[in-house]
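A.B. asks: Got model_25.cif for you, mmCIF, C-alpha atoms and all ligand atoms:
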data_final
loop_
_atom_site.label_atom_id
_atom_site.label_comp_id
_atom_site.auth_asym_id
_atom_site.auth_seq_id
_atom_site.Cartn_x
_atom_site.Cartn_y
_atom_site.Cartn_z
CA MET A 1 -8.97 -1.35 30.43
CA THR A 2 -8.37 -4.97 31.45
CA GLN A 3 -4.85 -6.11 30.70
CA GLY A 4 -4.26 -8.12 27.53
CA THR A 5 -7.58 -7.34 25.90
CA ALA A 6 -6.58 -5.34 22.82
CA ARG A 7 -9.13 -5.93 20.07
CA VAL A 8 -7.54 -7.69 17.10
CA LEU A 9 -7.85 -5.73 13.85
CA SER A 10 -7.67 -8.68 11.52
CA GLY A 11 -6.55 -8.17 7.91
CA PRO A 12 -8.16 -11.07 5.99
CA PRO A 13 -11.84 -10.06 6.52
CA ALA A 14 -11.04 -6.42 5.69
CA ALA A 15 -9.14 -7.53 2.55
CA ALA A 16 -12.02 -9.82 1.55
CA ALA A 17 -14.47 -6.90 1.84
CA LEU A 18 -12.21 -4.73 -0.33
CA LEU A 19 -11.87 -7.51 -2.92
CA ASP A 20 -15.67 -7.94 -2.93
CA GLU A 21 -16.08 -4.25 -3.63
CA ALA A 22 -13.49 -4.42 -6.43
CA ARG A 23 -15.37 -7.40 -7.93
CA ARG A 24 -18.74 -5.66 -7.67
CA ARG A 25 -17.53 -2.40 -9.23
CA ALA A 26 -15.57 -4.21 -11.97
CA GLY A 27 -18.80 -5.99 -12.88
CA ARG A 28 -20.54 -2.66 -13.53
CA LEU A 29 -17.97 -1.59 -16.15
CA PRO A 30 -18.54 -2.30 -19.85
CA ALA A 31 -15.07 -3.87 -20.22
CA VAL A 32 -13.12 -6.08 -17.80
CA PRO A 33 -10.40 -3.95 -16.10
CA HIS A 34 -6.93 -5.11 -17.09
CA LEU A 35 -3.77 -4.99 -15.00
CA ALA A 36 -0.40 -5.09 -16.77
CA LEU A 37 2.30 -6.49 -14.49
CA VAL A 38 5.83 -5.69 -15.64
CA ARG A 39 8.68 -7.70 -14.20
CA VAL A 40 12.34 -7.72 -15.25
CA GLY A 41 14.66 -10.63 -14.44
CA GLU A 42 14.05 -13.61 -12.19
CA ASP A 43 14.36 -12.26 -8.64
CA PRO A 44 12.51 -15.07 -6.80
CA ALA A 45 10.57 -12.74 -4.48
CA SER A 46 9.42 -10.60 -7.44
CA VAL A 47 8.41 -13.69 -9.43
CA SER A 48 6.31 -14.89 -6.50
CA TYR A 49 4.74 -11.44 -5.76
CA VAL A 50 3.78 -10.90 -9.40
CA ARG A 51 2.31 -14.39 -9.64
CA GLY A 52 0.29 -13.74 -6.46
CA LYS A 53 -1.05 -10.44 -7.84
CA ALA A 54 -2.11 -12.07 -11.14
CA LYS A 55 -3.83 -14.90 -9.26
CA LYS A 56 -5.77 -12.51 -6.99
CA ALA A 57 -6.72 -10.38 -10.03
CA ALA A 58 -8.30 -13.47 -11.63
CA GLU A 59 -10.17 -14.27 -8.39
CA VAL A 60 -11.75 -10.82 -8.47
CA GLY A 61 -12.67 -11.11 -12.16
CA LEU A 62 -10.01 -8.77 -13.52
CA SER A 63 -7.77 -9.70 -16.40
CA SER A 64 -4.01 -9.34 -16.14
CA HIS A 65 -0.90 -10.12 -18.08
CA VAL A 66 2.62 -10.64 -16.76
CA HIS A 67 5.15 -8.97 -19.05
CA ALA A 68 8.24 -10.93 -17.97
CA LEU A 69 11.29 -9.27 -19.49
CA PRO A 70 14.74 -10.91 -19.52
CA ASP A 71 17.65 -9.78 -17.35
CA THR A 72 19.27 -8.33 -20.49
CA THR A 73 16.46 -5.75 -20.90
CA THR A 74 17.77 -2.22 -21.46
CA GLN A 75 16.31 0.96 -19.98
CA ALA A 76 15.07 1.86 -23.48
CA ASP A 77 13.33 -1.54 -23.89
CA LEU A 78 11.57 -1.08 -20.54
CA LEU A 79 10.44 2.46 -21.33
CA ALA A 80 9.22 1.33 -24.77
CA LEU A 81 7.03 -1.35 -23.16
CA ILE A 82 5.62 1.16 -20.67
CA ASP A 83 4.84 3.59 -23.53
CA GLN A 84 3.07 0.81 -25.39
CA LEU A 85 0.98 -0.07 -22.31
CA ASN A 86 0.20 3.63 -21.70
CA ALA A 87 -1.15 3.90 -25.25
CA ASP A 88 -3.17 0.68 -25.13
CA PRO A 89 -6.81 1.53 -24.29
CA ALA A 90 -7.40 -2.04 -23.10
CA VAL A 91 -4.86 -1.59 -20.26
CA SER A 92 -6.38 -0.01 -17.13
CA GLY A 93 -3.39 -0.21 -14.78
CA ILE A 94 0.36 -0.72 -15.02
CA LEU A 95 2.57 -1.99 -12.22
CA VAL A 96 6.36 -2.13 -12.54
CA GLN A 97 7.52 -4.65 -9.94
CA LEU A 98 10.49 -3.45 -7.87
CA PRO A 99 13.31 -4.05 -7.37
CA LEU A 100 14.57 -3.86 -10.95
CA PRO A 101 17.93 -5.45 -11.79
CA ALA A 102 20.85 -3.21 -10.75
CA HIS A 103 21.58 -1.95 -14.29
CA LEU A 104 18.11 -0.41 -14.57
CA ASP A 105 17.10 2.86 -12.90
CA PRO A 106 13.60 2.58 -11.35
CA ALA A 107 12.95 6.36 -11.26
CA PRO A 108 12.48 6.95 -15.05
CA ALA A 109 10.37 3.78 -15.27
CA LEU A 110 8.00 4.94 -12.50
CA LEU A 111 7.84 8.42 -14.06
CA ALA A 112 7.01 6.91 -17.46
CA VAL A 113 3.82 5.22 -16.24
CA HIS A 114 0.84 7.41 -17.15
CA PRO A 115 -0.57 8.85 -13.87
CA ALA A 116 -4.07 7.61 -14.82
CA LYS A 117 -2.72 4.03 -15.01
CA ASP A 118 -0.33 4.34 -12.04
CA VAL A 119 -2.01 1.75 -9.79
CA ASP A 120 0.95 1.86 -7.37
CA GLY A 121 0.18 5.55 -6.77
CA LEU A 122 3.86 6.47 -6.73
CA HIS A 123 3.99 8.88 -9.69
CA PRO A 124 4.62 12.48 -8.52
CA ALA A 125 1.35 13.55 -10.16
CA ASN A 126 -0.47 11.17 -7.80
CA THR A 127 1.60 11.91 -4.69
CA GLY A 128 1.13 15.64 -5.38
CA ALA A 129 -2.63 15.13 -5.73
CA LEU A 130 -2.64 13.22 -2.43
CA TRP A 131 -0.87 16.04 -0.60
CA ASN A 132 -3.15 18.66 -2.14
CA GLY A 133 -6.22 16.65 -1.15
CA HIS A 134 -7.20 16.08 -4.79
CA PRO A 135 -8.44 12.82 -6.32
CA GLY A 136 -5.78 10.46 -7.62
CA LEU A 137 -4.52 6.92 -7.29
CA ARG A 138 -3.16 6.28 -3.78
CA PRO A 139 -0.22 4.04 -2.79
CA CYS A 140 -1.49 0.54 -1.99
CA THR A 141 -0.21 -0.16 1.53
CA PRO A 142 -1.30 3.20 3.04
CA ALA A 143 -4.66 3.14 1.25
CA GLY A 144 -5.09 -0.47 2.38
CA ILE A 145 -4.46 0.62 5.98
CA MET A 146 -7.19 3.27 5.68
CA ALA A 147 -9.55 0.57 4.35
CA LEU A 148 -8.59 -1.72 7.26
CA LEU A 149 -9.38 1.03 9.79
CA ALA A 150 -12.69 1.80 8.10
CA HIS A 151 -13.64 -1.88 7.99
CA HIS A 152 -13.08 -2.22 11.74
CA GLY A 153 -14.84 1.05 12.52
CA VAL A 154 -11.75 2.80 13.90
CA PRO A 155 -12.39 6.57 13.91
CA VAL A 156 -9.82 8.78 12.19
CA ARG A 157 -11.50 12.19 12.08
CA GLY A 158 -10.19 14.48 14.80
CA VAL A 159 -7.89 11.89 16.42
CA ARG A 160 -4.24 12.44 17.28
CA ALA A 161 -2.42 10.16 14.81
CA VAL A 162 1.31 9.43 14.92
CA VAL A 163 3.03 7.70 12.00
CA VAL A 164 6.50 6.26 12.63
CA GLY A 165 8.52 6.03 9.39
CA ARG A 166 8.66 8.45 6.45
CA SER A 167 9.28 6.25 3.42
CA ALA A 168 7.77 7.23 0.07
CA LEU A 169 6.02 3.85 0.01
CA VAL A 170 4.33 3.88 3.41
CA GLY A 171 4.92 6.62 6.02
CA ARG A 172 4.69 9.78 3.90
CA PRO A 173 1.59 8.88 1.87
CA LEU A 174 -0.07 7.49 5.00
CA ALA A 175 0.43 10.84 6.76
CA GLY A 176 -1.24 12.51 3.76
CA LEU A 177 -4.21 10.13 3.80
CA LEU A 178 -4.72 10.60 7.55
CA LEU A 179 -4.55 14.37 7.11
CA ASN A 180 -7.13 14.21 4.30
CA ALA A 181 -9.32 12.14 6.67
CA ASP A 182 -9.13 14.99 9.24
CA ALA A 183 -6.70 13.44 11.74
CA THR A 184 -4.13 15.63 13.48
CA VAL A 185 -0.94 14.05 12.19
CA THR A 186 2.61 13.78 13.47
CA LEU A 187 5.22 12.08 11.27
CA ALA A 188 8.12 10.63 13.29
CA HIS A 189 11.25 9.03 11.85
CA GLY A 190 14.79 7.86 12.55
CA ALA A 191 15.98 11.32 13.58
CA THR A 192 13.09 11.96 16.01
CA PRO A 193 14.52 12.34 19.53
CA ASP A 194 12.62 10.62 22.36
CA LEU A 195 10.28 8.66 20.11
CA GLY A 196 8.27 7.41 23.09
CA GLN A 197 7.29 10.94 24.07
CA VAL A 198 5.77 11.40 20.62
CA THR A 199 4.12 7.98 20.31
CA ARG A 200 2.51 8.25 23.76
CA GLU A 201 0.43 11.17 22.41
CA ALA A 202 -1.19 8.97 19.77
CA ASP A 203 -4.79 7.79 19.85
CA LEU A 204 -3.89 6.12 16.55
CA LEU A 205 -0.30 4.91 16.25
CA ILE A 206 0.88 3.50 12.91
CA VAL A 207 4.37 2.06 12.79
CA ALA A 208 6.27 1.45 9.55
CA ALA A 209 9.94 1.53 10.55
CA GLY A 210 11.14 -1.97 9.71
CA GLN A 211 12.67 -2.40 13.21
CA ALA A 212 11.51 -5.47 15.13
CA HIS A 213 9.78 -4.52 18.40
CA LEU A 214 10.79 -0.86 18.15
CA ILE A 215 7.57 0.13 19.93
CA THR A 216 7.48 -1.22 23.47
CA PRO A 217 4.35 -1.18 25.70
CA ASP A 218 5.55 1.89 27.63
CA MET A 219 5.53 3.90 24.37
CA ILE A 220 1.77 3.40 23.87
CA LYS A 221 -1.06 5.48 25.29
CA PRO A 222 -3.44 3.12 27.13
CA GLY A 223 -6.40 2.28 24.91
CA ALA A 224 -4.77 3.53 21.69
CA THR A 225 -5.27 1.83 18.33
CA VAL A 226 -1.95 0.48 17.06
CA VAL A 227 -1.33 -0.51 13.43
CA ASP A 228 1.85 -2.52 12.92
CA VAL A 229 3.07 -2.32 9.31
CA GLY A 230 6.51 -3.81 9.99
CA ILE A 231 7.49 -7.19 8.59
CA ASN A 232 10.77 -8.34 10.12
CA ARG A 233 12.33 -11.79 9.96
CA VAL A 234 13.91 -12.71 13.28
CA PRO A 235 16.06 -15.79 13.89
CA THR A 236 14.63 -18.81 15.70
CA GLU A 237 16.36 -21.79 17.29
CA ASP A 238 15.39 -24.11 14.44
CA GLY A 239 17.14 -21.70 12.05
CA LYS A 240 14.00 -21.07 9.97
CA GLY A 241 13.27 -17.62 11.38
CA ARG A 242 9.82 -16.13 11.86
CA LEU A 243 8.04 -12.92 10.98
CA THR A 244 7.42 -10.28 13.58
CA GLY A 245 6.26 -6.69 13.55
CA ASP A 246 7.65 -3.33 14.67
CA VAL A 247 5.49 -3.49 17.81
CA HIS A 248 6.41 -5.54 20.87
CA PRO A 249 3.82 -8.28 21.62
CA GLY A 250 3.38 -6.81 25.11
CA ALA A 251 1.54 -3.92 23.42
CA ALA A 252 -1.62 -6.05 23.53
CA GLN A 253 -1.76 -5.35 27.26
CA VAL A 254 -1.87 -1.58 26.77
CA ALA A 255 -3.45 -0.89 23.39
CA GLY A 256 -7.20 -0.83 22.82
CA ALA A 257 -6.87 -2.39 19.37
CA LEU A 258 -3.93 -3.87 17.48
CA THR A 259 -3.16 -5.34 14.06
CA PRO A 260 -1.39 -8.73 14.18
CA VAL A 261 1.75 -9.59 12.19
CA PRO A 262 1.26 -11.57 10.04
CA GLY A 263 -2.47 -11.28 9.26
CA GLY A 264 -2.95 -7.55 9.73
CA VAL A 265 -1.84 -4.98 7.17
CA GLY A 266 -0.18 -7.60 4.91
CA PRO A 267 -3.27 -8.82 2.99
CA MET A 268 -4.52 -5.26 2.40
CA THR A 269 -1.80 -4.25 -0.07
CA VAL A 270 -2.72 -6.59 -2.93
CA ALA A 271 -6.44 -6.05 -2.32
CA GLN A 272 -5.90 -2.30 -2.65
CA LEU A 273 -3.84 -2.80 -5.84
CA LEU A 274 -6.85 -4.50 -7.43
CA MET A 275 -9.21 -1.83 -6.08
CA ASN A 276 -6.91 0.78 -7.64
CA THR A 277 -7.08 -1.06 -10.97
CA VAL A 278 -10.88 -0.86 -10.84
CA ILE A 279 -10.77 2.82 -9.82
CA ALA A 280 -8.38 3.53 -12.74
CA ALA A 281 -10.70 1.70 -15.15
CA GLU A 282 -13.75 3.60 -13.83
CA ARG A 283 -12.03 6.95 -14.28
CA GLN A 284 -10.79 6.06 -17.76
CA HIS A 285 -14.33 5.03 -18.66
CA ASP A 286 -15.82 8.26 -17.23
CA GLN A 287 -13.19 10.22 -19.13
CA LEU A 288 -14.25 8.54 -22.36
CA LEU A 289 -17.88 9.41 -21.70
CA THR A 290 -17.20 13.00 -20.72
CA SER A 291 -14.69 13.57 -23.52
CA GLU A 292 -17.05 12.26 -26.18
CA VAL A 293 -17.70 14.87 -28.86
CA PRO A 294 -21.17 14.75 -30.47
CA GLY A 295 -20.95 13.26 -33.95
CA GLU A 296 -17.61 11.65 -33.25
CA HIS A 297 -16.88 8.14 -32.08
CA VAL A 298 -14.39 7.84 -29.26
CA ARG A 299 -13.05 4.37 -30.03
P1 LIG A 301 11.97 2.01 4.86
O1 LIG A 301 13.18 1.32 5.37
O2 LIG A 301 11.95 2.58 3.49
O3 LIG A 301 11.61 3.21 5.85
C1 LIG A 301 11.68 3.05 7.24
C2 LIG A 301 11.35 4.37 7.91
O4 LIG A 301 11.38 4.15 9.31
C3 LIG A 301 12.35 5.48 7.64
O5 LIG A 301 11.65 6.68 7.34
C4 LIG A 301 13.13 5.63 8.94
O6 LIG A 301 13.46 7.00 9.21
C5 LIG A 301 12.13 5.12 9.95
N1 LIG A 301 12.85 4.51 11.08
C6 LIG A 301 13.79 3.53 11.04
N2 LIG A 301 14.25 3.27 12.28
C7 LIG A 301 13.58 4.09 13.12
C8 LIG A 301 13.63 4.32 14.53
N3 LIG A 301 14.47 3.64 15.31
N4 LIG A 301 12.80 5.25 15.06
C9 LIG A 301 11.95 5.94 14.27
N5 LIG A 301 11.87 5.78 12.93
C10 LIG A 301 12.68 4.88 12.38
O7 LIG A 301 10.78 0.98 5.07
P2 LIG A 301 9.28 0.89 4.44
O8 LIG A 301 9.33 0.49 3.03
O9 LIG A 301 8.50 2.11 4.82
O10 LIG A 301 8.74 -0.34 5.28
C11 LIG A 301 8.63 -0.31 6.69
C12 LIG A 301 8.24 -1.65 7.21
O11 LIG A 301 6.95 -1.99 6.70
C13 LIG A 301 9.16 -2.80 6.78
O12 LIG A 301 9.23 -3.74 7.80
C14 LIG A 301 8.44 -3.40 5.58
O13 LIG A 301 8.75 -4.77 5.40
C15 LIG A 301 7.01 -3.21 5.99
N6 LIG A 301 6.07 -3.12 4.85
C16 LIG A 301 4.97 -3.92 4.90
C17 LIG A 301 4.06 -3.85 3.86
C18 LIG A 301 2.84 -4.71 3.94
O14 LIG A 301 2.45 -5.15 4.99
N7 LIG A 301 2.19 -4.99 2.85
C19 LIG A 301 4.26 -3.02 2.77
C20 LIG A 301 5.38 -2.19 2.77
C21 LIG A 301 6.28 -2.26 3.84
#
Let me see whether you can do it: turn the structure in this file into structure tokens.
C.D. replies:
Amino acid sequence: MTQGTARVLSGPPAAAALLDEARRRAGRLPAVPHLALVRVGEDPASVSYVRGKAKKAAEVGLSSHVHALPDTTTQADLLALIDQLNADPAVSGILVQLPLPAHLDPAPALLAVHPAKDVDGLHPANTGALWNGHPGLRPCTPAGIMALLAHHGVPVRGVRAVVVGRSALVGRPLAGLLLNADATVTLAHGATPDLGQVTREADLLIVAAGQAHLITPDMIKPGATVVDVGINRVPTEDGKGRLTGDVHPGAAQVAGALTPVPGGVGPMTVAQLLMNTVIAAERQHDQLLTSEVPGEHVR
């Protein structure tokens, strides 16, 4: 391998392909899939994320509604809204934007979302299905990473995959997805001694630790595919700071292929959220068809 030639696994074209598929499949359904976005309070990052998700949904031809609840919302108010959205046949998917204000507990809210509408894929019914290799809605960032790898033709079956980080949002579900795709999977984390010894075994190394430049070139097997999930803000001289990943830039001289930060995994998450909304709508539609009783009208 010539030095410095790692192939760039770019996110935007892979995200565009996923969005195209979501648009195409949404168009085949009798009703426009609808995404309910629930946000509590005015946390600026949450306001901006939710706005971005609604905008992308419209671009793909999905409908969405932002349920913006005030800071004074009680746990009971939030659960009542979720119940209402669960019962509404026009709602395909429900997303509760985190973090919630400190006086609200996210766990009961996430548990309250009906698993068939859980487009974040974080309900235990969906995480359990993932680990048992059964169909279900998958968490957006890990599923988006699998779509990114598929788009760029990176093989997963039979490869030695190492995931660094075991969060419920990224590392754990990603390990499950890789296992279901027939990789041999190692899940490393903050208590793993000699991380480099483990990562050097990887043909496919996926890093989601949230530690800038944790993975240095010497920790990478030459020619390996490296997926950098980390988004870290590091200080710059002008005081503005810049975003960098969990993988040292020198990795490009060792790896065979590498995702950039930004512009790698980042765009996949929202694209997968919209794909999940379409998948949820398809399954709800199939359910209606298969649960139809002759002589009765289902809705
Ligand atoms: P987290 O903090 O919940 O989990 C980090 C995990 O990394 C933990 O399991 C921890 O054990 C492990 N870890 C920390 N330091 C380590 C070390 N020195 N060696 C080995 N393992 C170590 O974080 P998260 O939510 O999983 O996110 C991880 C990173 O991915 C963050 O930078 C986050 O911003 C980014 N992220 C990006 C996207 C996206 O691109 N759309 C989505 C989610 C998260």
A.B. asks: Hey, which residues sit close to ligand LIG 301 (chain A)? Say within 6 Å, counting only C-alpha atoms and all ligand atoms, and write them as a list in words.
C.D. replies: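 Within the 6 Å cut-off, the matching residues are Thr141, Val164, Gly165, Arg166, Ser167, Leu169, Val170, Gly171, His189, Gly190, Ala208, Ala209, Gly210, Gln211, Val229, Gly230, Ile231, Asn232, Val265, Gly266 and Thr269 of chain A.
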A.B. asks: Please list as a ChimeraX atom specification every residue within 12 Å of A:Glu282, counting all atoms listed in the file and excluding residues in the same chain fewer than 4 positions away.
C.D. replies: /A:22,25-34,92-93,116-117,137,275-278,286-289
A.B. asks: Considering all atoms listed in the file, state which residue in the set A:Ala45, A:Ala87, A:Ile82, A:Val40 is at the smallest distance from A:Pro70.
C.D. replies: A:Val40
A.B. asks: So the first atom is atom CA of A:Gly136 and the second is atom CA of A:Ala15; what is the distance between them in Å, to one decimal place?
C.D. replies: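 Computing the Euclidean distance for atom CA of A:Gly136 and atom CA of A:Ala15 yields 20.9 Å.
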A.B. asks: For A:Arg23, please output as a ChimeraX atom specification all residues within 10 Å (counting all atoms listed in the file; exclusion window: fewer than 6 positions along the same chain).
C.D. replies: /A:17,57,59-62,274-275,278
A.B. asks: Any idea what the distance is between atom CA of A:Ile279 and atom CA of A:Val261?
C.D. replies: 28.2 Å
A.B. asks: Just want the 7 Å neighbourhood of A:Val247, counted on only C-alpha atoms, with same-chain residues fewer than 3 positions away dropped. Output as a PDB file with C-alpha atoms, in the frame of the given file.
C.D. replies:
ATOM      1  CA  ALA A 212      11.510  -5.470  15.130  1.00  0.00           C
ATOM      2  CA  HIS A 213       9.780  -4.520  18.400  1.00  0.00           C
ATOM      3  CA  LEU A 214      10.790  -0.860  18.150  1.00  0.00           C
ATOM      4  CA  ILE A 215       7.570   0.130  19.930  1.00  0.00           C
ATOM      5  CA  THR A 216       7.480  -1.220  23.470  1.00  0.00           C
ATOM      6  CA  ASP A 228       1.850  -2.520  12.920  1.00  0.00           C
ATOM      7  CA  ALA A 251       1.540  -3.920  23.420  1.00  0.00           C
TER       8      ALA A 251
END
A.B. asks: As an exercise, work out the distance from atom CA of A:Gly264 to atom CA of A:Ser10 in Å and give it to one decimal place.
C.D. replies: 5.2 Å
A.B. asks: Between A:Ala54, A:Leu130, A:Leu79, A:Leu178, which is the closest to A:Asp105 once you count all atoms listed in the file?
C.D. replies: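 When distances to A:Asp105 are compared using all atoms listed in the file, the smallest one comes from A:Leu79.
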A.B. asks: Need to verify the contact set: A:Ala150, 10 Å, only C-alpha atoms, exclusion of same-chain residues closer than 6 positions in sequence. Can you return it as a list in words?
C.D. replies: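 In the requested format, the answer is Ala14, Gly144 and Val156 of chain A.
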A.B. asks: For A:Leu177, which of A:Gly41, A:Gly158, A:Gly153, A:Pro139 is the closest residue, counting all atoms listed in the file?
C.D. replies: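 Among the listed residues, A:Pro139 lies closest to A:Leu177.
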A.B. asks: With only C-alpha atoms as the atoms that count, which of A:Gly176, A:Pro135, A:Pro108, A:Pro155 lies nearest to A:Ala224?
C.D. replies: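 Using only C-alpha atoms, A:Ala224 sits closest to A:Pro155.
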A.B. asks: Given the choices A:Leu100, A:Thr225, A:Thr72, A:Ala147, which gets closest to A:Pro12 if the distance is worked out from all atoms listed in the file?
C.D. replies: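 When distances to A:Pro12 are compared using all atoms listed in the file, the smallest one comes from A:Ala147.
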A.B. asks: In terms of the shortest atom-to-atom distance over only C-alpha atoms, which of A:Pro44, A:Pro89, A:Pro267, A:Gly256 is closest to A:Val8?
C.D. replies: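 Closest candidate: A:Gly256.
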